[in-house]
Amino acid sequence: MGAWPPVPGPINRVPRACGPGDVASFSPALEMMSMIAEFGHFCLVLALCVAAAQSLLPLLGARHGNVAWMEAGRRASFALFPLIAAAFGALTYAYVVSDFSLVNVIENSHTDKPLLYKVSGVWGNHEGSLLLWIVILAAFSFAMSLLGGSLPPALRARALAIQALIITGFLLFILFTSNPFLRVPEGMAPINGQGLNPMLQDPGLAFHPPMLYAGYVGFSMAFSLAIAALIEGRVDAAWARWVRPWTLIAWVFLTLGIALGSWWAYYELGWGGWWYWDPVENASFIPWLAGTALLHSAIVVEKRDSLKAWTVFLAIVTFSLSLVGTFLVRSGVITSVHAFATDPTRGLFILILLAVTIGGSLTLFAVRAPVLKAGGLFAPVSREGSLLVNNLLMSTASLTVLLGTLYPLIADAFQWGKVTVGAPFFNSVFVPLMVPMVALMAVGPMLSWKRADLAGALGRLKVAFGAAVGIALLTYGLAGGGLAEVGAAFGFGLAAWLAVGTLVDLSERLRLGREPWTEVQRRLRLQPRATWGLVLGHLGTALVVVGIAGNTAWKQEAVQALKPGESKDLAGTTFTLVDVALEEGPNYTSITGTVRLTRDGQEIAVLHPERRAYRTPPMPTTESAIHTNGLSDTHAVIGEPTGDGGFVTRFYYEPAVPFLWYGALLMSLGGLMSVSDRRHRVGAPRRAPREARSLAS
């Protein structure tokens, strides 16, 4: 397993005679811990052999028409997932029981940590998070083997083989450069560990990485299906119907993961922000943008047999961007609160893995894409045309964020000087791309396939236009009519346009006002779930626009030093620092403030912000306290003592922020509704009855 690298920080070593490393002579419990860790390592080695077989046999079987070899690949995936899951379970067990004979546990755990953070510490580091990544990769491969019965056998075999190739690459990476089961020399295990980064000891960060990784890795199935289709030289509606649900599942997980990460940053870091354009934030947002474009592009392949090569290209690019995010986080080339700075060897290995995966897939695309038939033609003004514009805008936005994230690295590599690309740049280039996209989201569903009447579609949206203008004017007037209110009024109007336009499209499907109520109810019951997914997704987007516009325009903050009994007014609310107390936590001490919120003399809430000082590792953190009324939030943060009996305090008024979380949840629910539509879970299209086709159109 290689030599034990030096562990930073002091480690209390114990004599060999009583060290946990002497498991054979110390206690049966320690011996069992050792055996479980060795079992986990053995499972990873065995998984590498199984993954190599799964990546080779199905490809050969599909090439030569050997059914037994193709089936062997499916059966191999049934063994691969349990092996990797067992390794992950062994590492989790080592964290729970504090097995400090493992370097990974020493560096990222401590006996005083609560159980939740012992478990989350498994993926709160480079090695463990990489193992979680591989577990999810194997889980998706396992799911494809179970649920892919309606796929053509050759396509399924090739997709499983590509998935296994990806798993093989990551298993090689983890076994040779990032082994989570690396042991300390015998007899040199410390009494206690160095603990987990205190900023990661939070429920939001306990659940955020698994969600995020499920999104990242989920796009691997679309990638594998795309490569399999390129090898076969055929992309059709059946292929699109299998790409869409896997992409939807990944997109839902990634949406929830990004929302959880944003929520964590919002309340944990104490700077009152929900998005900072941090490089690691961007690393997850970039594939989300590309994945959103892929979702809409796959619709065109399924419905109209068009944009085949473009959709395959997007499937490759989306997962490639997930891998680029992995490189950014784990190579040490960026600095972020949640990046894993590692040695150059690991970064080089990831770079080689990127070059092979991305370079190989794009080369295959360049060679094989010309054989894909172009498919049906369509006019620029059509539903296909609107989805194509959506793709162009989302892809351009993704590329823009990627370039802004990488530019400081490029400038440093070419010695152009130190360059910082921050929020002003991203906001100035990203918002102009998103405004027309959101506007188009209300128009697109109103257009017919192949050729559409744009004037007729806009005419049906006159109610939405009236609502948008009315909401914009009302917002501007009620907010005071200042310069800051222009942006908020425009944003609220845009959100109203999308929300009302989406409801108008739903009413058109139901023929509301044109048919008797009994007929409307019947059509309501017969609407496919994908329709409800579209409605919820677009309404969720409208809520996110409300949250961004309102918070950007009206956010207020105040930073001051207060002594107990002193107050500060902000946004019509009086913040009074009532008291400050020193409290003991399980593995930290905290300065806990009591802040009373009043408005017009009436108490609204009592908040208890904290400034914690963790013992292992020694690090201070802020724990903001938040009061919400469902429409806006109020923050209180307490900082360092000032030396004269006072404390630095920060208060924030965050209008409309809750709409961000409502919107993200609604978008995710819409994705789940679409996944549950049976039409998106079958391998080949079936001709629907005339009545059902009219309802779905």
# chains A, B, ... in the order shown; residues from 1 in each chain; ligands from 1

call {"tool": "residues_around", "arguments": {"residues": "Pro82 (chain A)", "least_positions_apart": "5", "cutoff": "10 Å", "atoms": "only C-alpha atoms", "output": "PDB file with N, CA and C atoms, in the first residue's frame"}}
result
ATOM      1  N   CYS A  43     -11.921  -5.690  -1.077  1.00  0.00           N
ATOM      2  CA  CYS A  43     -13.085  -5.501  -1.948  1.00  0.00           C
ATOM      3  C   CYS A  43     -12.775  -4.530  -3.075  1.00  0.00           C
ATOM      4  N   ALA A  47     -12.904  -5.442  -6.866  1.00  0.00           N
ATOM      5  CA  ALA A  47     -13.786  -4.640  -7.718  1.00  0.00           C
ATOM      6  C   ALA A  47     -13.054  -4.172  -8.969  1.00  0.00           C
ATOM      7  N   SER A  77     -21.897  -6.372 -13.345  1.00  0.00           N
ATOM      8  CA  SER A  77     -22.341  -5.180 -12.614  1.00  0.00           C
ATOM      9  C   SER A  77     -23.073  -5.551 -11.336  1.00  0.00           C
ATOM     10  N   ALA A  87     -16.789  -1.965   0.470  1.00  0.00           N
ATOM     11  CA  ALA A  87     -15.602  -1.168   0.800  1.00  0.00           C
ATOM     12  C   ALA A  87     -15.996   0.148   1.455  1.00  0.00           C
ATOM     13  N   PHE A  88     -17.030   0.789   0.912  1.00  0.00           N
ATOM     14  CA  PHE A  88     -17.498   2.041   1.497  1.00  0.00           C
ATOM     15  C   PHE A  88     -18.038   1.798   2.913  1.00  0.00           C
ATOM     16  N   VAL A 135     -18.830   4.580  -5.606  1.00  0.00           N
ATOM     17  CA  VAL A 135     -20.036   3.855  -5.179  1.00  0.00           C
ATOM     18  C   VAL A 135     -21.229   4.273  -6.029  1.00  0.00           C
ATOM     19  N   ALA A 138     -21.004   2.908  -9.568  1.00  0.00           N
ATOM     20  CA  ALA A 138     -21.390   1.493  -9.614  1.00  0.00           C
ATOM     21  C   ALA A 138     -22.890   1.326  -9.408  1.00  0.00           C
ATOM     22  N   ALA A 139     -23.498   2.187  -8.585  1.00  0.00           N
ATOM     23  CA  ALA A 139     -24.945   2.104  -8.354  1.00  0.00           C
ATOM     24  C   ALA A 139     -25.716   2.396  -9.634  1.00  0.00           C
ATOM     25  N   PHE A 142     -25.406  -0.583 -11.860  1.00  0.00           N
ATOM     26  CA  PHE A 142     -26.279  -1.634 -11.335  1.00  0.00           C
ATOM     27  C   PHE A 142     -27.731  -1.367 -11.729  1.00  0.00           C
TER      28      PHE A 142
END

call {"tool": "residues_around", "arguments": {"residues": "Pro152 (chain A)", "least_positions_apart": "6", "cutoff": "12 Å", "atoms": "only C-alpha atoms", "output": "number ranges by chain"}}
result
A: 62, 67, 70, 158-159, 225, 228-229, 232, 234, 236, 238-239, 242, 682-684

call {"tool": "closest_residue", "arguments": {"among": "A:Leu196, A:Ala161, A:Leu323, A:Leu473", "to": "Val119 (chain A)", "atoms": "only C-alpha atoms"}}
result
A:Leu196

call {"tool": "closest_residue", "arguments": {"among": "A:Gln527, A:Thr177, A:Thr247, A:Ser428", "to": "Thr400 (chain A)", "atoms": "only C-alpha atoms"}}
result
A:Ser428

call {"tool": "atom_distance", "arguments": {"atom1": "CA of Trp310 (chain A)", "atom2": "CA of Leu672 (chain A)"}}
result
25.0 Å

call {"tool": "closest_residue", "arguments": {"among": "A:Tyr588, A:Phe140, A:Tyr267, A:Phe659", "to": "Pro114 (chain A)", "atoms": "only C-alpha atoms"}}
result
A:Tyr588

call {"tool": "residues_around", "arguments": {"residues": "Leu182 (chain A)", "least_positions_apart": "3", "cutoff": "6 Å", "atoms": "only C-alpha atoms", "output": "mmCIF file with C-alpha atoms, in the first residue's frame"}}
result
data_model
loop_
_atom_site.group_PDB
_atom_site.id
_atom_site.type_symbol
_atom_site.label_atom_id
_atom_site.label_comp_id
_atom_site.auth_asym_id
_atom_site.auth_seq_id
_atom_site.Cartn_x
_atom_site.Cartn_y
_atom_site.Cartn_z
ATOM 1 C CA LEU A 102 -6.029 4.210 9.248
ATOM 2 C CA VAL A 103 -4.362 7.417 8.091
ATOM 3 C CA ASN A 179 -6.100 4.729 -0.847
#

call {"tool": "residues_around", "arguments": {"residues": "Ala488 (chain A)", "least_positions_apart": "4", "cutoff": "8 Å", "atoms": "only C-alpha atoms", "output": "list of chain:residue names"}}
result
A:Thr475, A:Tyr476, A:Ala484, A:Phe492, A:Ala549, A:Gly550, A:Thr552, A:Ala553

call {"tool": "write_last_selection", "arguments": {"atoms": "N, CA and C atoms", "output": "PDB file, in the first residue's frame"}}
result
ATOM      1  N   THR A 475     -44.497  46.713  -8.558  1.00  0.00           N
ATOM      2  CA  THR A 475     -43.265  46.565  -7.770  1.00  0.00           C
ATOM      3  C   THR A 475     -42.495  47.881  -7.729  1.00  0.00           C
ATOM      4  N   TYR A 476     -42.370  48.517  -8.870  1.00  0.00           N
ATOM      5  CA  TYR A 476     -41.621  49.765  -8.937  1.00  0.00           C
ATOM      6  C   TYR A 476     -42.282  50.849  -8.087  1.00  0.00           C
ATOM      7  N   ALA A 484     -32.604  51.422  -7.795  1.00  0.00           N
ATOM      8  CA  ALA A 484     -32.449  50.013  -7.419  1.00  0.00           C
ATOM      9  C   ALA A 484     -33.697  49.208  -7.733  1.00  0.00           C
ATOM     10  N   PHE A 492     -39.225  40.883 -11.299  1.00  0.00           N
ATOM     11  CA  PHE A 492     -40.549  40.426 -10.885  1.00  0.00           C
ATOM     12  C   PHE A 492     -41.474  40.306 -12.086  1.00  0.00           C
ATOM     13  N   ALA A 549     -33.981  38.525  -7.907  1.00  0.00           N
ATOM     14  CA  ALA A 549     -34.271  39.942  -8.147  1.00  0.00           C
ATOM     15  C   ALA A 549     -34.514  40.691  -6.841  1.00  0.00           C
ATOM     16  N   GLY A 550     -35.330  40.111  -5.966  1.00  0.00           N
ATOM     17  CA  GLY A 550     -35.647  40.789  -4.711  1.00  0.00           C
ATOM     18  C   GLY A 550     -34.446  40.931  -3.809  1.00  0.00           C
ATOM     19  N   THR A 552     -31.220  40.888  -4.660  1.00  0.00           N
ATOM     20  CA  THR A 552     -30.205  41.775  -5.249  1.00  0.00           C
ATOM     21  C   THR A 552     -30.562  43.234  -5.033  1.00  0.00           C
ATOM     22  N   ALA A 553     -31.840  43.551  -5.125  1.00  0.00           N
ATOM     23  CA  ALA A 553     -32.259  44.950  -5.055  1.00  0.00           C
ATOM     24  C   ALA A 553     -32.353  45.483  -3.624  1.00  0.00           C
TER      25      ALA A 553
END

call {"tool": "residues_around", "arguments": {"residues": "Ala143 (chain A)", "least_positions_apart": "5", "cutoff": "12 Å", "atoms": "only C-alpha atoms", "output": "JSON list (two decimals) with N, CA and C atoms, in the first residue's frame"}}
result
[["chain", "number", "residue", "atom", "x", "y", "z"],
["A", 74, "ARG", "N", -23.55, -7.65, -17.86],
["A", 74, "ARG", "CA", -24.65, -7.31, -16.95],
["A", 74, "ARG", "C", -24.48, -7.99, -15.60],
["A", 75, "ARG", "N", -24.09, -9.26, -15.63],
["A", 75, "ARG", "CA", -23.91, -10.00, -14.39],
["A", 75, "ARG", "C", -22.72, -9.45, -13.59],
["A", 77, "SER", "N", -21.90, -6.37, -13.35],
["A", 77, "SER", "CA", -22.34, -5.18, -12.61],
["A", 77, "SER", "C", -23.07, -5.55, -11.34],
["A", 78, "PHE", "N", -23.71, -6.75, -11.32],
["A", 78, "PHE", "CA", -24.38, -7.20, -10.11],
["A", 78, "PHE", "C", -23.37, -7.54, -9.01],
["A", 80, "LEU", "N", -20.19, -5.98, -9.04],
["A", 80, "LEU", "CA", -19.35, -4.80, -8.86],
["A", 80, "LEU", "C", -19.91, -3.86, -7.79],
["A", 81, "PHE", "N", -21.20, -3.59, -7.86],
["A", 81, "PHE", "CA", -21.78, -2.65, -6.90],
["A", 81, "PHE", "C", -21.68, -3.16, -5.46],
["A", 136, "ILE", "N", -21.37, 5.57, -6.25],
["A", 136, "ILE", "CA", -22.51, 6.06, -7.03],
["A", 136, "ILE", "C", -22.37, 5.65, -8.49],
["A", 137, "LEU", "N", -21.15, 5.67, -9.02],
["A", 137, "LEU", "CA", -20.93, 5.19, -10.39],
["A", 137, "LEU", "C", -21.40, 3.74, -10.52],
["A", 138, "ALA", "N", -21.00, 2.91, -9.57],
["A", 138, "ALA", "CA", -21.39, 1.49, -9.61],
["A", 138, "ALA", "C", -22.89, 1.33, -9.41],
["A", 148, "GLY", "N", -32.65, -1.89, -17.58],
["A", 148, "GLY", "CA", -32.42, -1.68, -19.01],
["A", 148, "GLY", "C", -32.87, -2.83, -19.89],
["A", 149, "GLY", "N", -33.86, -3.59, -19.43],
["A", 149, "GLY", "CA", -34.29, -4.74, -20.22],
["A", 149, "GLY", "C", -34.89, -4.39, -21.56],
["A", 156, "ARG", "N", -27.15, -1.78, -24.69],
["A", 156, "ARG", "CA", -27.01, -1.89, -23.24],
["A", 156, "ARG", "C", -25.63, -2.44, -22.87],
["A", 160, "LEU", "N", -22.92, -0.39, -20.58],
["A", 160, "LEU", "CA", -22.38, -0.94, -19.33],
["A", 160, "LEU", "C", -20.87, -1.05, -19.38],
["A", 163, "GLN", "N", -19.45, 2.43, -18.88],
["A", 163, "GLN", "CA", -19.58, 2.76, -17.46],
["A", 163, "GLN", "C", -18.49, 2.05, -16.65],
["A", 218, "GLY", "N", -24.45, 10.88, -12.10],
["A", 218, "GLY", "CA", -25.61, 10.46, -12.89],
["A", 218, "GLY", "C", -25.47, 10.79, -14.36],
["A", 221, "MET", "N", -24.27, 8.11, -17.07],
["A", 221, "MET", "CA", -25.12, 7.19, -17.82],
["A", 221, "MET", "C", -25.47, 7.77, -19.18],
["A", 246, "TRP", "N", -32.33, 9.14, -17.31],
["A", 246, "TRP", "CA", -31.07, 9.16, -16.57],
["A", 246, "TRP", "C", -30.57, 10.59, -16.39],
["A", 249, "ILE", "N", -32.76, 12.26, -13.68],
["A", 249, "ILE", "CA", -32.40, 11.85, -12.33],
["A", 249, "ILE", "C", -31.14, 12.59, -11.87]]

call {"tool": "closest_residue", "arguments": {"among": "A:Thr598, A:Ile258, A:Arg368, A:Ala94", "to": "Leu660 (chain A)", "atoms": "only C-alpha atoms"}}
result
A:Ile258

call {"tool": "atom_distance", "arguments": {"atom1": "CA of Phe313 (chain A)", "atom2": "CA of Glu281 (chain A)"}}
result
24.0 Å
